[in-house]
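S.K.: Can you read through this structure? Questions will come right after.
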Amino acid sequence: MNNLFASGFQFSEIIDFLERSKLAKVEFTSLMRQGMVEGLGLSEIFLRLQFSPAVVTQIALAESHGNLVETMKLVETNLRKIESVKKKLISIATYPVILLSFLILIMVGMKNYLIPELASDTASHNIAVNIVSNLPTIFSCLSISTLILVLLLIWKIKRTSPLKNYQFASRIPLIKGYTKLYVTAYFTREWGVLISQGLELKEIFQISSNARSKLFAEVGQELDKKLVLGEEFHKSSQSLKIFTPELSLMIEYGEMKGKLGQELLIFSEESWEKFFQKINQIMQLIQPLIFLFVALAIVLIYAAMLLPIYQNINMAV
């Protein structure tokens, strides 16, 4: 759709192309055509198609400032990068997870068949045998506990406002850098485009307050309140504690130069680059950590099998 819009195609022509090329399911194009007949905007059609609230919000804002092609290009680029990260994570984790599953099956077999034979002799007891013997149980308990914690966390997140969730995430040491970079890149791009189109901050915050994304709406409402109270933009953005510290300085610098919109757009591009760089860095750490755990499990299995044999040999000597 981005390529077709950029080439000058009308929305009806894009739907026809998607239907004939079979690039999209029939249900998908039918909903698009129905929305067009009803006079819905592109963002409302995307909402019907169950696009994420973040994408719907970006398209809705693009409809306000008229820069639809650039917005769709950015959305496409970011979605491709996110998809690439997901594929990379799956490829990194697949082999170690399969190997770990086989190791757990081996440990279960050892616990039920080999270890009882070794443990029949009191001299054969050792730490490795005890660990391997209890590792399947430990792993199961950890998995169940992790699942319960994740479900409780999801329940808590759904009952709390998105702004408070992001403020909480921005305080957690391991993920605060990723959270702040993502939110900063997301907001500064939209603010930069709207400001470059000549909109006042009051108008921008009011538009944001009605966005489909609950986070975008809450931030818009908070900034609008602070603007009414006379608080400067760079100070009010800093007080939310969900953006990187550099954003406040960039806003103040942009206002002084009278080029806030351009500065925010440049800052947004840099923030997106940093965000995906950090994601790629953490991806490169995941596989070695998984393999380290697998290696430790293999060492324990060998120790559990060989140490009792060596002990029995020493006793026989």
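Residue numbering restarts at 1 in every chain; chains get A, B, ... in the order shown in the structure tokens, and ligands count up from 1 in that same order.
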Set out as CSV a contact list for range 184-217 of chain A and range 166-178 of chain A with a cut-off of 12 Å, giving each residue of range 184-217 of chain A that qualifies its closest atom pair and distance in Å to one decimal, counting only C-alpha atoms, ordered by chain and rising residue number.
M.R.:
```
residue,atom,partner,partner_atom,distance
A:Thr184,CA,A:Tyr178,CA,9.9
A:Ala185,CA,A:Tyr178,CA,10.7
A:Lys214,CA,A:Tyr166,CA,11.6
A:Leu215,CA,A:Tyr166,CA,8.6
A:Phe216,CA,A:Tyr166,CA,11.5
```
S.K.: How would the residues just picked look written out with C-alpha atoms as a PDB file, in the first residue's frame?
M.R.:
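The result, written out as selection02.pdb:
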```pdb
ATOM      1  CA  THR A 184      10.841   8.819  22.475  1.00  0.00           C
ATOM      2  CA  ALA A 185      11.241   7.729  18.844  1.00  0.00           C
ATOM      3  CA  LYS A 214      -4.311   4.957  24.834  1.00  0.00           C
ATOM      4  CA  LEU A 215      -0.709   5.877  25.612  1.00  0.00           C
ATOM      5  CA  PHE A 216      -0.685   8.629  22.988  1.00  0.00           C
TER       6      PHE A 216
END
```
S.K.: Do you have, as a tab-separated table, the list of residues of range 166-282 of chain A lying at most 12 Å from range 76-93 of chain A, each with its nearest atom pair and that distance in Å to one decimal, counting only C-alpha atoms and ordered by chain then number?
M.R.:
```
residue	atom	partner	partner_atom	distance
A:Tyr182	CA	A:Asn78	CA	11.0
A:Ala185	CA	A:Asn78	CA	11.0
A:Tyr186	CA	A:Asn78	CA	10.4
A:Glu269	CA	A:Asn78	CA	11.0
A:Trp272	CA	A:Asn78	CA	8.5
A:Glu273	CA	A:Asn78	CA	10.2
A:Phe275	CA	A:Lys81	CA	10.7
A:Phe276	CA	A:Lys81	CA	7.7
A:Gln277	CA	A:Val85	CA	10.6
A:Lys278	CA	A:Val85	CA	11.1
A:Ile279	CA	A:Val85	CA	7.6
A:Asn280	CA	A:Val85	CA	7.4
A:Gln281	CA	A:Val85	CA	10.8
A:Ile282	CA	A:Leu89	CA	9.9
```
S.K.: Using C-alpha atoms, can you write the selected residues to a file as a short mmCIF file (atom, residue, chain, number, x, y, z; two decimals), in the first residue's frame?
M.R.:
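Output below, filename out-v5.cif:
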```
data_model
loop_
_atom_site.label_atom_id
_atom_site.label_comp_id
_atom_site.auth_asym_id
_atom_site.auth_seq_id
_atom_site.Cartn_x
_atom_site.Cartn_y
_atom_site.Cartn_z
CA TYR A 182 10.96 3.36 21.82
CA ALA A 185 11.24 7.73 18.84
CA TYR A 186 7.50 7.11 18.50
CA GLU A 269 15.39 8.96 13.30
CA TRP A 272 14.84 4.60 16.12
CA GLU A 273 18.36 3.65 14.99
CA PHE A 275 16.54 1.39 19.58
CA PHE A 276 17.05 -1.26 16.90
CA GLN A 277 20.81 -1.31 17.52
CA LYS A 278 20.17 -2.11 21.20
CA ILE A 279 17.66 -4.80 20.20
CA ASN A 280 20.24 -6.41 17.89
CA GLN A 281 22.85 -6.28 20.65
CA ILE A 282 20.60 -8.09 23.11
#
```
S.K.: Write out as a list in words the residues lying within 9 Å of Phe5 in chain A, counting only C-alpha atoms and excluding same-chain residues fewer than 2 positions away.
M.R.: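 Surrounding residues, per the criterion: Met1, Asn2, Asn3, Ser7, Gly8, Phe9, Gln10, Phe11, Ile14, Leu68, Val69 and Met72 of chain A.
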S.K.: Just write the chosen residues, C-alpha atoms, as a PDB file, in the first residue's frame.
M.R.:
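What ended up in selection-v3.pdb:
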```pdb
ATOM      1  CA  MET A   1       0.000   0.000   0.000  1.00  0.00           C
ATOM      2  CA  ASN A   2       2.877   2.328   0.760  1.00  0.00           C
ATOM      3  CA  ASN A   3       4.418   1.775  -2.675  1.00  0.00           C
ATOM      4  CA  SER A   7       3.128   6.006  -7.021  1.00  0.00           C
ATOM      5  CA  GLY A   8      -0.061   8.088  -7.055  1.00  0.00           C
ATOM      6  CA  PHE A   9      -2.678   5.318  -6.889  1.00  0.00           C
ATOM      7  CA  GLN A  10      -6.084   6.148  -5.418  1.00  0.00           C
ATOM      8  CA  PHE A  11      -7.427   4.092  -2.523  1.00  0.00           C
ATOM      9  CA  ILE A  14      -5.172   0.022  -4.414  1.00  0.00           C
ATOM     10  CA  LEU A  68       0.393   9.994   4.634  1.00  0.00           C
ATOM     11  CA  VAL A  69       3.010   8.568   2.264  1.00  0.00           C
ATOM     12  CA  MET A  72       3.197   4.706   5.770  1.00  0.00           C
TER      13      MET A  72
END
```
S.K.: If we count only C-alpha atoms and set the cut-off at 12 Å, which residues sit around Ser64 in chain A, ignoring sequence neighbours fewer than 6 positions away in its own chain? Please answer as number ranges by chain.
M.R.: A: 41-43, 57-58, 71, 190-191, 193-195, 197-199, 203-204, 206-208, 210-211
S.K.: What's the 12 Å shell around range 229-239 of chain A, counting only C-alpha atoms, without same-chain residues fewer than 2 positions away, as a PyMOL selection string?
M.R.: chain A and resi 167+180+183-184+187-188+191+200-202+204-205+219-227+241-256+260+264
S.K.: If DSSP is run on the backbone, what residues of range 163-281 of chain A are helix (DSSP H, G or I)? A reply as a ChimeraX atom specification would be ideal.
M.R.: /A:163-169,176-196,201-209,214-228,233-239,245-257,260-281
S.K.: Would you kindly return, as an mmCIF file with C-alpha atoms, in the first residue's frame, each protein, DNA or RNA residue with an atom no farther than 10 Å from any atom of Phe291 in chain A, considering only C-alpha atoms and excluding same-chain residues fewer than 6 positions away?
M.R.:
```
data_model
loop_
_atom_site.group_PDB
_atom_site.id
_atom_site.type_symbol
_atom_site.label_atom_id
_atom_site.label_comp_id
_atom_site.auth_asym_id
_atom_site.auth_seq_id
_atom_site.Cartn_x
_atom_site.Cartn_y
_atom_site.Cartn_z
ATOM 1 C CA ALA A 93 16.355 -19.804 20.196
ATOM 2 C CA TYR A 95 18.249 -24.995 18.155
ATOM 3 C CA PRO A 96 19.171 -24.421 21.838
ATOM 4 C CA VAL A 97 15.538 -24.976 22.918
ATOM 5 C CA LEU A 99 18.704 -29.346 22.443
ATOM 6 C CA LEU A 100 17.581 -28.353 25.934
ATOM 7 C CA ALA A 297 23.473 -29.298 31.820
#
```
S.K.: Of the residues A:Leu74, A:Ile266, A:Ser52, A:Ala217, which is the one nearest to Ser161 in chain A, using only C-alpha atoms?
M.R.: A:Ala217
S.K.: Between CA of Glu19 in chain A and CA of Val55 in chain A, measure the distance and give it in Å to one decimal.
M.R.: 22.6 Å
S.K.: If you measure from CA of Val108 in chain A to CA of Leu151 in chain A, what distance in Å do you get, rounded to one decimal?
M.R.: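 Computing it gives 27.7 Å between the two atoms.
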S.K.: Point out the residue among A:Lys22, A:Arg212, A:Lys73, A:Lys164 with the least atom-to-atom distance to Phe51 in chain A, counting only C-alpha atoms.
M.R.: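 When distances to Phe51 in chain A are compared using only C-alpha atoms, the smallest one comes from A:Arg212.
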S.K.: Taking only C-alpha atoms into account, which of A:Met36, A:Ser140, A:Val56, A:Ile15 comes nearest Ser101 in chain A?
M.R.: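 That would be A:Ser140, the residue with the smallest distance to Ser101 in chain A.
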S.K.: Nearest to Glu263 in chain A among A:Arg20, A:Phe28, A:Ala295, A:Ser196, with distances taken over only C-alpha atoms: which residue is it?
M.R.: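 Ranking A:Arg20, A:Phe28, A:Ala295, A:Ser196 by distance to Glu263 in chain A, first place goes to A:Ser196.
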S.K.: Have a look at A:Gly258, A:Ile138, A:Met107, A:Ser30 and name the one nearest to Leu300 in chain A; count only C-alpha atoms.
M.R.: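 Closest candidate: A:Met107.
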S.K.: Figure out the distance between CA of Ile144 in chain A and CA of Ile301 in chain A, please, to one decimal in Å.
M.R.: 23.6 Å
S.K.: Pick from A:Asn134, A:Leu49, A:Glu218, A:Leu149: nearest to Ile104 in chain A, with only C-alpha atoms counted?
M.R.: A:Asn134
